[in-house]
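Heads up, protein.cif below (mmCIF, C-alpha atoms and all ligand atoms):
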data_coords
#
loop_
_atom_site.label_atom_id
_atom_site.label_comp_id
_atom_site.auth_asym_id
_atom_site.auth_seq_id
_atom_site.Cartn_x
_atom_site.Cartn_y
_atom_site.Cartn_z
CA MET L 679 88.45 144.76 124.94
CA ARG L 680 90.40 141.63 123.89
CA VAL L 681 91.49 139.39 126.74
CA VAL L 682 93.27 136.12 127.18
CA VAL L 683 91.88 134.14 130.12
CA THR L 684 94.11 131.28 131.31
CA GLY L 685 92.38 128.40 133.09
CA GLY L 686 89.05 129.36 131.53
CA ALA L 687 87.75 125.78 131.57
CA GLY L 688 87.97 125.64 135.38
CA PHE L 689 85.42 126.75 137.95
CA ILE L 690 86.20 130.48 138.25
CA GLY L 691 87.71 130.81 134.76
CA SER L 692 84.57 129.47 133.08
CA ALA L 693 82.38 131.86 135.11
CA LEU L 694 84.73 134.68 134.05
CA CYS L 695 84.58 133.73 130.34
CA ARG L 696 80.77 133.50 130.44
CA TYR L 697 80.54 136.88 132.19
CA LEU L 698 83.00 138.71 129.92
CA VAL L 699 81.46 137.38 126.70
CA THR L 700 77.76 137.66 127.57
CA GLU L 701 77.60 140.60 130.02
CA CYS L 702 80.55 142.71 128.91
CA GLY L 703 80.71 141.96 125.18
CA TRP L 704 84.49 141.39 125.32
CA GLN L 705 86.54 139.22 122.94
CA VAL L 706 87.85 136.31 124.99
CA LEU L 707 90.49 133.72 124.15
CA ASN L 708 90.51 130.93 126.72
CA ILE L 709 93.84 129.10 127.08
CA ASP L 710 93.57 125.91 129.12
CA LYS L 711 95.57 122.69 129.36
CA LEU L 712 92.39 120.73 130.20
CA THR L 713 93.53 118.96 133.35
CA TYR L 714 91.19 116.81 135.45
CA ALA L 715 89.68 120.05 136.87
CA ALA L 716 88.64 121.43 133.48
CA ASP L 717 85.23 120.96 131.94
CA GLN L 718 84.35 122.39 128.57
CA ARG L 719 80.67 121.77 129.31
CA SER L 720 80.86 124.69 131.77
CA LEU L 721 81.35 126.90 128.70
CA ALA L 722 78.36 125.60 126.72
CA ALA L 723 76.56 128.95 127.16
CA ILE L 724 79.21 130.74 125.04
CA GLU L 725 80.38 127.92 122.78
CA GLY L 726 80.10 129.24 119.23
CA ALA L 727 79.61 132.87 120.36
CA PRO L 728 81.51 135.26 118.05
CA GLY L 729 83.38 136.77 121.03
CA TYR L 730 84.71 133.46 122.36
CA ARG L 731 87.61 131.23 121.29
CA PHE L 732 89.42 128.33 122.92
CA MET L 733 93.01 127.07 122.59
CA GLN L 734 94.30 124.02 124.42
CA ALA L 735 97.76 124.85 125.73
CA ASP L 736 99.94 124.50 128.81
CA ILE L 737 100.97 127.88 130.25
CA ALA L 738 104.40 126.31 130.84
CA ASP L 739 104.83 125.92 127.05
CA GLY L 740 106.36 129.36 126.56
CA ASP L 741 106.83 129.14 122.78
CA LYS L 742 103.23 128.13 122.17
CA ILE L 743 101.92 130.84 124.50
CA ALA L 744 104.10 133.43 122.74
CA ARG L 745 102.67 132.41 119.34
CA ILE L 746 99.11 132.58 120.67
CA LEU L 747 99.64 136.07 122.14
CA ASP L 748 101.23 137.31 118.94
CA GLU L 749 98.31 136.04 116.89
CA PHE L 750 95.42 137.11 119.20
CA LYS L 751 96.95 140.45 120.30
CA PRO L 752 95.19 140.85 123.66
CA ASP L 753 94.76 144.09 125.61
CA ALA L 754 94.98 142.07 128.82
CA ILE L 755 95.81 138.67 130.24
CA MET L 756 93.74 137.40 133.15
CA HIS L 757 95.74 134.54 134.64
CA LEU L 758 93.71 131.92 136.50
CA ALA L 759 95.29 128.66 135.32
CA ALA L 760 96.54 126.75 138.35
CA GLU L 761 96.44 123.58 140.33
CA SER L 762 93.93 124.72 142.94
CA HIS L 763 93.12 122.02 145.50
CA VAL L 764 94.98 122.08 148.84
CA ASP L 765 94.41 118.37 149.57
CA ARG L 766 95.89 117.34 146.21
CA SER L 767 98.91 119.58 146.92
CA ILE L 768 99.51 117.56 150.09
CA ASP L 769 99.39 114.27 148.16
CA GLY L 770 101.51 115.51 145.23
CA PRO L 771 103.07 118.98 145.24
CA GLY L 772 104.93 118.48 141.94
CA ASP L 773 102.16 119.62 139.59
CA PHE L 774 101.62 122.68 141.81
CA ILE L 775 105.25 123.69 141.42
CA GLU L 776 105.19 123.01 137.67
CA THR L 777 102.02 124.94 136.86
CA ASN L 778 101.69 127.57 139.58
CA ILE L 779 105.36 128.56 139.75
CA VAL L 780 107.13 127.47 136.56
CA GLY L 781 104.00 127.93 134.45
CA THR L 782 103.43 131.45 135.78
CA TYR L 783 107.09 132.26 135.09
CA ARG L 784 106.82 131.07 131.47
CA LEU L 785 103.56 132.96 131.00
CA LEU L 786 105.11 136.14 132.43
CA ASP L 787 108.06 135.80 130.10
CA ALA L 788 105.83 135.34 127.06
CA ALA L 789 103.67 138.28 128.21
CA LEU L 790 106.74 140.49 128.64
CA TYR L 791 108.04 139.64 125.17
CA TYR L 792 104.61 140.37 123.69
CA TRP L 793 104.20 143.61 125.68
CA ARG L 794 107.60 144.94 124.61
CA GLY L 795 106.57 144.55 120.97
CA LEU L 796 103.38 146.62 121.32
CA ALA L 797 102.99 150.18 120.02
CA PRO L 798 103.41 152.76 122.84
CA ASP L 799 99.68 153.47 123.37
CA ARG L 800 98.77 149.76 123.51
CA GLN L 801 101.78 149.14 125.73
CA GLN L 802 100.53 151.83 128.10
CA ASN L 803 97.08 150.26 128.38
CA PHE L 804 98.10 146.59 128.55
CA ARG L 805 97.38 144.72 131.83
CA PHE L 806 98.44 141.37 133.30
CA LEU L 807 96.06 140.37 136.12
CA HIS L 808 97.28 137.53 138.31
CA VAL L 809 94.46 135.83 140.22
CA SER L 810 95.64 134.51 143.56
CA THR L 811 94.38 133.48 146.96
CA ASP L 812 94.14 134.78 150.53
CA GLU L 813 95.83 131.52 151.59
CA VAL L 814 99.20 133.17 150.87
CA TYR L 815 98.69 135.15 154.11
CA GLY L 816 98.55 132.01 156.25
CA SER L 817 96.07 131.50 159.06
CA LEU L 818 94.28 134.04 161.27
CA GLY L 819 93.44 133.70 164.96
CA ALA L 820 89.98 134.55 166.24
CA GLN L 821 90.41 138.29 165.52
CA GLY L 822 91.54 140.40 162.59
CA LEU L 823 91.24 140.32 158.81
CA PHE L 824 93.70 139.95 155.93
CA ASP L 825 94.34 143.16 154.05
CA GLU L 826 96.69 144.01 151.18
CA ASN L 827 99.55 144.60 153.62
CA SER L 828 99.24 141.33 155.50
CA ARG L 829 102.45 139.33 155.74
CA TYR L 830 102.97 136.36 153.41
CA GLN L 831 103.00 133.17 155.50
CA PRO L 832 101.81 130.31 153.28
CA ASN L 833 101.35 126.98 155.05
CA SER L 834 100.37 124.41 152.40
CA PRO L 835 102.21 123.35 149.24
CA TYR L 836 99.32 124.97 147.32
CA SER L 837 99.52 128.32 149.10
CA ALA L 838 103.33 128.30 148.95
CA SER L 839 103.17 127.80 145.18
CA LYS L 840 100.63 130.64 144.81
CA ALA L 841 102.74 132.90 147.05
CA SER L 842 105.75 132.18 144.85
CA SER L 843 103.78 133.08 141.75
CA ASP L 844 102.60 136.35 143.38
CA HIS L 845 106.24 137.26 144.05
CA LEU L 846 107.23 136.49 140.46
CA VAL L 847 104.43 138.68 139.13
CA ARG L 848 105.46 141.51 141.45
CA ALA L 849 109.09 141.15 140.35
CA TRP L 850 108.19 141.27 136.64
CA HIS L 851 106.56 144.63 137.34
CA HIS L 852 109.33 146.14 139.45
CA THR L 853 112.20 144.81 137.36
CA TYR L 854 110.86 144.82 133.80
CA GLY L 855 107.96 147.27 134.03
CA LEU L 856 105.25 144.77 133.00
CA PRO L 857 101.93 146.43 133.99
CA VAL L 858 100.61 143.87 136.45
CA LEU L 859 97.81 143.67 139.01
CA ILE L 860 97.32 140.99 141.66
CA SER L 861 94.07 139.93 143.28
CA ASN L 862 93.90 137.73 146.38
CA CYS L 863 90.47 136.31 147.05
CA SER L 864 88.84 134.09 149.62
CA ASN L 865 87.10 130.73 149.06
CA ASN L 866 84.74 130.76 146.08
CA TYR L 867 81.54 128.78 145.69
CA GLY L 868 78.74 128.58 143.16
CA PRO L 869 77.68 126.57 140.10
CA PHE L 870 80.12 124.35 138.10
CA GLN L 871 82.57 123.82 140.99
CA PHE L 872 84.47 120.52 140.86
CA PRO L 873 83.17 118.24 143.64
CA GLU L 874 86.55 117.80 145.36
CA LYS L 875 85.94 121.20 146.99
CA PHE L 876 84.09 121.46 150.31
CA ILE L 877 80.71 122.96 149.37
CA PRO L 878 79.90 120.89 146.26
CA LEU L 879 81.16 117.72 147.98
CA MET L 880 78.85 118.37 150.95
CA ILE L 881 75.91 119.10 148.63
CA LEU L 882 76.36 115.95 146.53
CA ASN L 883 76.91 113.75 149.59
CA ALA L 884 73.85 115.18 151.34
CA MET L 885 71.75 114.67 148.21
CA ALA L 886 72.82 111.02 148.07
CA GLY L 887 72.44 110.46 151.83
CA ARG L 888 76.19 109.73 152.06
CA LYS L 889 78.34 110.78 155.05
CA LEU L 890 79.57 114.37 155.09
CA PRO L 891 83.26 114.27 156.11
CA VAL L 892 84.16 117.25 158.32
CA TYR L 893 87.88 117.69 158.98
CA GLY L 894 88.93 118.05 162.63
CA ASP L 895 86.41 119.77 164.88
CA GLY L 896 84.68 121.62 162.01
CA HIS L 897 85.43 125.00 163.60
CA ASN L 898 87.78 126.16 160.84
CA ILE L 899 86.47 129.35 159.28
CA ARG L 900 86.41 130.34 155.63
CA ASP L 901 85.14 133.66 154.18
CA TRP L 902 82.87 132.63 151.32
CA LEU L 903 82.74 134.56 148.05
CA HIS L 904 80.15 133.79 145.38
CA VAL L 905 81.90 133.20 142.05
CA ASN L 906 79.64 135.75 140.31
CA ASP L 907 80.77 138.43 142.77
CA HIS L 908 84.38 137.40 142.16
CA VAL L 909 84.28 137.66 138.36
CA ALA L 910 82.62 141.11 138.59
CA ALA L 911 85.53 142.17 140.83
CA LEU L 912 88.12 140.81 138.38
CA ARG L 913 86.62 142.82 135.56
CA LEU L 914 86.77 146.02 137.64
CA ILE L 915 90.35 145.32 138.71
CA VAL L 916 91.64 144.66 135.19
CA GLN L 917 89.93 147.76 133.84
CA HIS L 918 90.35 150.25 136.65
CA GLY L 919 92.93 148.87 139.08
CA GLN L 920 96.15 150.76 139.78
CA VAL L 921 99.12 149.11 138.03
CA GLY L 922 101.47 147.33 140.45
CA GLU L 923 98.86 147.06 143.20
CA THR L 924 97.10 144.22 144.98
CA TYR L 925 93.35 143.99 145.63
CA ASN L 926 91.81 141.63 148.18
CA VAL L 927 88.43 140.18 147.21
CA GLY L 928 86.13 138.73 149.86
CA GLY L 929 82.40 138.52 150.43
CA ARG L 930 82.37 139.34 154.16
CA ASN L 931 80.73 135.96 154.68
CA GLU L 932 82.68 134.15 157.37
CA ALA L 933 81.36 130.78 158.46
CA ARG L 934 82.57 127.73 160.38
CA ASN L 935 82.69 124.58 158.25
CA ILE L 936 80.27 122.78 160.56
CA ASP L 937 77.72 125.59 160.17
CA ILE L 938 78.00 125.40 156.38
CA VAL L 939 77.33 121.66 156.59
CA HIS L 940 74.14 122.19 158.61
CA GLN L 941 73.01 124.91 156.18
CA VAL L 942 73.65 122.69 153.18
CA ILE L 943 71.65 119.82 154.68
CA SER L 944 68.82 122.18 155.55
CA HIS L 945 68.69 123.59 151.98
CA VAL L 946 68.74 120.08 150.49
CA ARG L 947 65.81 119.06 152.75
CA ASP L 948 63.95 122.22 151.88
CA LEU L 949 64.50 122.22 148.11
CA SER L 950 64.08 118.49 147.65
CA PRO L 951 61.37 117.43 150.10
CA HIS L 952 60.85 114.01 148.48
CA ARG L 953 64.29 112.92 149.76
CA THR L 954 64.20 111.37 153.21
CA LEU L 955 67.51 112.26 154.81
CA PRO L 956 68.76 110.94 158.13
CA LYS L 957 69.16 113.45 160.97
CA ASP L 958 72.11 115.87 160.63
CA ASP L 959 74.14 114.06 163.29
CA ALA L 960 73.81 110.77 161.46
CA LEU L 961 74.93 112.37 158.18
CA ILE L 962 77.92 114.26 159.58
CA GLU L 963 81.17 112.40 160.19
CA PHE L 964 84.10 114.09 161.89
CA VAL L 965 87.25 112.74 160.25
CA GLN L 966 90.99 113.07 160.75
CA ASP L 967 92.10 116.67 160.33
CA ARG L 968 94.01 117.93 157.28
CA PRO L 969 97.75 118.23 158.01
CA GLY L 970 98.63 121.89 158.52
CA HIS L 971 94.96 122.88 158.32
CA ASP L 972 94.68 126.69 158.42
CA ARG L 973 92.22 127.74 161.12
CA ARG L 974 90.66 130.92 159.80
CA TYR L 975 90.67 133.06 156.65
CA ALA L 976 88.83 136.40 156.44
CA ILE L 977 89.26 139.25 153.98
CA ASP L 978 89.03 142.98 154.45
CA ALA L 979 87.78 144.11 151.02
CA THR L 980 87.68 147.83 151.90
CA LYS L 981 90.22 148.84 149.24
CA LEU L 982 88.27 147.17 146.43
CA GLU L 983 84.98 148.56 147.75
CA ASN L 984 86.22 152.13 148.23
CA ARG L 985 88.53 152.58 145.25
CA LEU L 986 86.73 150.53 142.59
CA GLY L 987 83.14 150.65 143.88
CA TRP L 988 82.76 146.86 144.12
CA GLN L 989 80.19 145.38 146.44
CA ALA L 990 79.39 141.71 147.01
CA GLN L 991 75.82 140.98 145.92
CA TYR L 992 75.42 137.56 147.52
CA ASP L 993 75.02 136.87 151.20
CA LEU L 994 75.98 133.34 152.14
CA ASP L 995 72.49 132.07 152.86
CA ARG L 996 71.09 133.12 149.48
CA GLY L 997 74.24 132.06 147.63
CA LEU L 998 74.25 128.63 149.28
CA ARG L 999 70.57 128.09 148.59
CA ASP L 1000 71.06 129.01 144.90
CA THR L 1001 74.07 126.72 144.71
CA VAL L 1002 72.26 123.78 146.28
CA ALA L 1003 69.38 124.37 143.83
CA TRP L 1004 71.87 124.43 140.92
CA TYR L 1005 73.40 121.05 141.89
CA LEU L 1006 69.92 119.58 142.39
CA ASN L 1007 69.01 120.66 138.84
CA HIS L 1008 72.28 119.81 137.07
CA GLU L 1009 72.88 116.13 137.62
CA GLN L 1010 73.83 115.91 133.93
CA TRP L 1011 76.84 118.14 134.74
CA TRP L 1012 78.16 116.44 137.89
CA GLN L 1013 77.24 112.78 137.39
CA PRO L 1014 79.80 112.21 134.57
CA ILE L 1015 82.47 113.77 136.82
CA LEU L 1016 81.59 111.35 139.63
CA ASP L 1017 81.57 108.48 137.12
CA ARG L 1018 84.87 109.29 135.41
CA LYS L 1019 87.04 111.62 137.43
CA TYR L 1020 86.45 111.72 141.17
CA GLN L 1021 84.28 109.58 143.42
CA GLY L 1022 84.41 111.73 146.56
CA GLN L 1023 87.25 109.83 148.26
CA ARG L 1024 89.32 111.49 150.99
CA LEU L 1025 92.39 113.32 149.67
CA GLY L 1026 95.35 114.90 151.42
CA VAL L 1027 95.82 112.79 154.53
CA ALA L 1028 99.56 112.55 153.76
P1 LIG L 1101 90.10 125.03 138.93
O1 LIG L 1101 91.00 123.97 139.49
O2 LIG L 1101 88.65 124.81 138.91
O3 LIG L 1101 90.55 125.34 137.41
C1 LIG L 1101 91.86 125.51 137.03
C2 LIG L 1101 91.93 125.49 135.51
O4 LIG L 1101 93.31 125.71 135.13
C3 LIG L 1101 91.51 124.14 134.90
O5 LIG L 1101 90.63 124.37 133.81
C4 LIG L 1101 92.82 123.55 134.41
O6 LIG L 1101 92.68 122.71 133.26
C5 LIG L 1101 93.64 124.79 134.10
N1 LIG L 1101 95.08 124.50 134.16
C6 LIG L 1101 95.75 123.85 135.16
N2 LIG L 1101 97.06 123.77 134.85
C7 LIG L 1101 97.22 124.41 133.65
C8 LIG L 1101 98.34 124.69 132.83
N3 LIG L 1101 99.57 124.26 133.16
N4 LIG L 1101 98.14 125.39 131.69
C9 LIG L 1101 96.91 125.80 131.33
N5 LIG L 1101 95.81 125.55 132.06
C10 LIG L 1101 95.96 124.88 133.22
O7 LIG L 1101 90.49 126.35 139.71
P2 LIG L 1101 89.55 127.55 140.18
O8 LIG L 1101 88.92 127.20 141.46
O9 LIG L 1101 88.71 128.01 139.04
O10 LIG L 1101 90.66 128.66 140.50
C11 LIG L 1101 91.09 129.57 139.50
C12 LIG L 1101 92.18 130.46 140.07
O11 LIG L 1101 91.69 131.13 141.22
C13 LIG L 1101 93.41 129.68 140.52
O12 LIG L 1101 94.56 130.43 140.20
C14 LIG L 1101 93.25 129.58 142.03
O13 LIG L 1101 94.52 129.51 142.67
C15 LIG L 1101 92.55 130.89 142.32
N6 LIG L 1101 91.71 130.86 143.53
C16 LIG L 1101 90.68 129.96 143.63
C17 LIG L 1101 89.88 129.97 144.77
C18 LIG L 1101 88.70 129.02 144.92
O14 LIG L 1101 88.03 129.08 145.97
N7 LIG L 1101 88.39 128.18 143.96
C19 LIG L 1101 90.14 130.87 145.80
C20 LIG L 1101 91.21 131.76 145.66
C21 LIG L 1101 91.97 131.76 144.51
P1 LIG L 1102 88.46 123.45 150.46
O1 LIG L 1102 87.21 123.55 149.65
O2 LIG L 1102 89.41 122.34 150.16
O3 LIG L 1102 89.18 124.88 150.37
P2 LIG L 1102 90.50 125.43 151.15
O4 LIG L 1102 91.19 124.30 151.78
O5 LIG L 1102 91.28 126.01 150.01
O6 LIG L 1102 90.00 126.45 152.12
O7 LIG L 1102 88.07 123.32 152.00
C1 LIG L 1102 87.32 124.32 152.67
C2 LIG L 1102 87.28 123.96 154.15
O8 LIG L 1102 86.53 122.75 154.30
C3 LIG L 1102 88.65 123.67 154.74
O9 LIG L 1102 88.67 124.15 156.09
C4 LIG L 1102 88.75 122.16 154.74
C5 LIG L 1102 87.30 121.74 154.95
N1 LIG L 1102 86.91 120.45 154.33
C6 LIG L 1102 86.23 119.49 155.11
O10 LIG L 1102 86.00 119.69 156.33
N2 LIG L 1102 85.84 118.34 154.51
C7 LIG L 1102 86.09 118.07 153.20
O11 LIG L 1102 85.73 116.98 152.70
C8 LIG L 1102 86.77 119.06 152.41
C9 LIG L 1102 87.06 118.84 150.95
C10 LIG L 1102 87.15 120.25 153.03
#

Turn the structure described in the file into structure tokens.
Ligand code: NAD
Ligand code: TYD
Amino acid sequence: MRVVVTGGAGFIGSALCRYLVTECGWQVLNIDKLTYAADQRSLAAIEGAPGYRFMQADIADGDKIARILDEFKPDAIMHLAAESHVDRSIDGPGDFIETNIVGTYRLLDAALYYWRGLAPDRQQNFRFLHVSTDEVYGSLGAQGLFDENSRYQPNSPYSASKASSDHLVRAWHHTYGLPVLISNCSNNYGPFQFPEKFIPLMILNAMAGRKLPVYGDGHNIRDWLHVNDHVAALRLIVQHGQVGETYNVGGRNEARNIDIVHQVISHVRDLSPHRTLPKDDALIEFVQDRPGHDRRYAIDATKLENRLGWQAQYDLDRGLRDTVAWYLNHEQWWQPILDRKYQGQRLGVA
């Protein structure tokens, strides 16, 4: 199988490229603009592998994308390139509109042009998988789960831009016949995640004995999905998913932010006993809430489990422990990011 992965130098995209090349033996072409969130070092494991190639390109550069597709001739496009951080979307929505909406439109157009030129059998088998988020469904109360029929109610500039891109993808299927699939997943965590996101930020701050900033009362709930479980799901969806359909991906691992923070601190203490950390209460700092902060996300993954036989392999406790251990052992990966790109400052207070 020959696939184009967009955003393959990011957190989930790099895990997907590593998985497809090493575990699945697929031919992968990674197209990435290399924004602040990209890191080619996350792809070191497959650099130079015969099944892996990289092209630096902006998905919004339709002509360049069209040339790349024509030359590589993929069987599928797995579209992950995006601006992905809610807090940055509050500070500056422009890039989110440009990449997530306009970029997805240009990519769809290039994909459609390419698909129309394929021989009938290849046309039949071609797939465009759009990787999206559960945040398009808005915020849940204490009860209930998001499923594939949940109403779109995005609340942040980020989720609104992803919702728009989902609608474009759906329209390119219904109007032009492009064989698309959409996946909406919950919050991912695991190795190689940029430290602006909650879990790696908490791990690195705890390791350094810095304050752990918890937004609001810390009772917001996220449904955590290990990135390895996610990429296994994406492979199943692109290969076996029903064209035109949506699949929700979630690990059935709901947790309040404050409970994650305590777990992270406890794993850091446990795995790195030589560090003398202050008591939890002295480390944790409740800070001003995020504007428009969604209260709870939780995914019902029954469709993916029943129709495609996917099952999450990681429970949150094991996944968090592994992730803390990874950050403890990979200072050479995150220290240059802290030195050059992001120093852990608060984002998104508007
Ligand atoms: P990330 O921010 O770590 O990586 C995004 C990648 O996209 C980067 O390598 C960046 O350089 C690239 N990129 C950005 N703009 C581009 C452009 N115009 N052209 C080409 N490349 C561009 O993101 P991530 O966490 O790996 O998320 C990947 C996808 O999964 C995104 O579409 C995101 O919306 C979705 N998603 C992420 C999560 C999560 O918890 N991280 C949850 C649900 C959905
Ligand atoms: P984040 O990783 O930004 O993902 P998302 O906003 O897409 O869910 O944040 C996860 C949760 O953690 C969210 O409820 C906001 C909260 N949070 C904090 O409490 N402190 C922080 O420093 C960050 C970055 C997030």

Report task. Give me the residues within 9 Å of Asp739 in chain L as a PyMOL selection string, counting only C-alpha atoms and dropping any in the same chain fewer than 6 places off. Result -> chain L and resi 781+784-785

Report task. Would you kindly return, as a PyMOL selection string, each protein, DNA or RNA residue with an atom no farther than 9 Å from any atom of range 964-980 of chain L, considering all atoms listed in the file and excluding same-chain residues fewer than 6 positions away? Result -> chain L and resi 765+768+812-813+815-820+822-826+833-834+863-865+890-902+925-932+934+988-989+1026-1028

Report task. Fewer than 4 positions away in the same chain doesn't count, so skip those; otherwise give me all residues within 12 Å of His845 in chain L, counting all atoms listed in the file, as number ranges by chain. Result -> L: 778-779, 782-783, 786, 808, 810, 814, 830, 838-841, 849-853, 858-860, 922, 924

Report task. Write out as an MDAnalysis selection string each polymer residue whose atoms come within 12 Å of Asn1007 in chain L, counting only C-alpha atoms; drop sequence neighbours fewer than 4 positions from it. Result -> chainID L and resid 869:870 882 885 946 949:950 1000:1003 1011:1013

Go ahead and fit an axis-aligned box to every listed atom of range 759-764 of chain L plus 4 Å each side, and pass me the centre and edge lengths in Å, one decimal, as lines of an AutoDock Vina configuration file.
center_x = 94.8
center_y = 125.3
center_z = 142.1
size_x = 11.4
size_y = 14.6
size_z = 21.5

Kindly compile the residues surrounding ligand LIG 1101 (chain L) within 6 Å, counting all atoms listed in the file, and format them as a compact mmCIF listing (two decimals) with C-alpha atoms, in the coordinates of the input.
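And here is the file that came out, out19.txt:
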# COMPACT_ATOMS: atom_id res chain seq x y z
CA GLY L 685 92.38 128.40 133.09
CA GLY L 686 89.05 129.36 131.53
CA ALA L 687 87.75 125.78 131.57
CA GLY L 688 87.97 125.64 135.38
CA PHE L 689 85.42 126.75 137.95
CA ILE L 690 86.20 130.48 138.25
CA GLY L 691 87.71 130.81 134.76
CA ASP L 710 93.57 125.91 129.12
CA LYS L 711 95.57 122.69 129.36
CA LEU L 712 92.39 120.73 130.20
CA THR L 713 93.53 118.96 133.35
CA ALA L 715 89.68 120.05 136.87
CA ALA L 716 88.64 121.43 133.48
CA ALA L 735 97.76 124.85 125.73
CA ASP L 736 99.94 124.50 128.81
CA ILE L 737 100.97 127.88 130.25
CA ALA L 738 104.40 126.31 130.84
CA LEU L 758 93.71 131.92 136.50
CA ALA L 759 95.29 128.66 135.32
CA ALA L 760 96.54 126.75 138.35
CA GLU L 761 96.44 123.58 140.33
CA SER L 762 93.93 124.72 142.94
CA THR L 777 102.02 124.94 136.86
CA GLY L 781 104.00 127.93 134.45
CA VAL L 809 94.46 135.83 140.22
CA SER L 810 95.64 134.51 143.56
CA THR L 811 94.38 133.48 146.96
CA CYS L 863 90.47 136.31 147.05
CA SER L 864 88.84 134.09 149.62
CA ASN L 865 87.10 130.73 149.06
CA ASN L 866 84.74 130.76 146.08

Would you mind completing range 931-945 of chain L to N, CA and C atoms and writing the output as a short mmCIF file (atom, residue, chain, number, x, y, z; two decimals), in the coordinates of the input?
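The file below, out_4.cif, is the result:
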data_model
loop_
_atom_site.label_atom_id
_atom_site.label_comp_id
_atom_site.auth_asym_id
_atom_site.auth_seq_id
_atom_site.Cartn_x
_atom_site.Cartn_y
_atom_site.Cartn_z
N ASN L 931 81.64 137.06 154.37
CA ASN L 931 80.73 135.96 154.68
C ASN L 931 81.49 134.86 155.41
N GLU L 932 81.95 135.16 156.62
CA GLU L 932 82.68 134.15 157.37
C GLU L 932 81.73 133.10 157.91
N ALA L 933 82.16 131.85 157.85
CA ALA L 933 81.36 130.78 158.46
C ALA L 933 82.26 129.62 158.87
N ARG L 934 81.88 128.96 159.98
CA ARG L 934 82.57 127.73 160.38
C ARG L 934 82.12 126.61 159.43
N ASN L 935 83.04 125.68 159.15
CA ASN L 935 82.69 124.58 158.25
C ASN L 935 81.46 123.82 158.73
N ILE L 936 81.39 123.57 160.04
CA ILE L 936 80.27 122.78 160.56
C ILE L 936 78.94 123.50 160.34
N ASP L 937 78.97 124.84 160.40
CA ASP L 937 77.72 125.59 160.17
C ASP L 937 77.31 125.54 158.70
N ILE L 938 78.30 125.56 157.81
CA ILE L 938 78.00 125.40 156.38
C ILE L 938 77.33 124.04 156.14
N VAL L 939 77.86 123.01 156.78
CA VAL L 939 77.33 121.66 156.59
C VAL L 939 75.85 121.61 157.01
N HIS L 940 75.55 122.19 158.17
CA HIS L 940 74.14 122.19 158.61
C HIS L 940 73.26 122.98 157.63
N GLN L 941 73.80 124.11 157.15
CA GLN L 941 73.01 124.91 156.18
C GLN L 941 72.75 124.15 154.89
N VAL L 942 73.80 123.46 154.42
CA VAL L 942 73.65 122.69 153.18
C VAL L 942 72.57 121.62 153.36
N ILE L 943 72.65 120.89 154.45
CA ILE L 943 71.65 119.82 154.68
C ILE L 943 70.25 120.42 154.74
N SER L 944 70.13 121.56 155.41
CA SER L 944 68.82 122.18 155.55
C SER L 944 68.27 122.64 154.18
N HIS L 945 69.15 123.18 153.32
CA HIS L 945 68.69 123.59 151.98
C HIS L 945 68.31 122.37 151.14
#
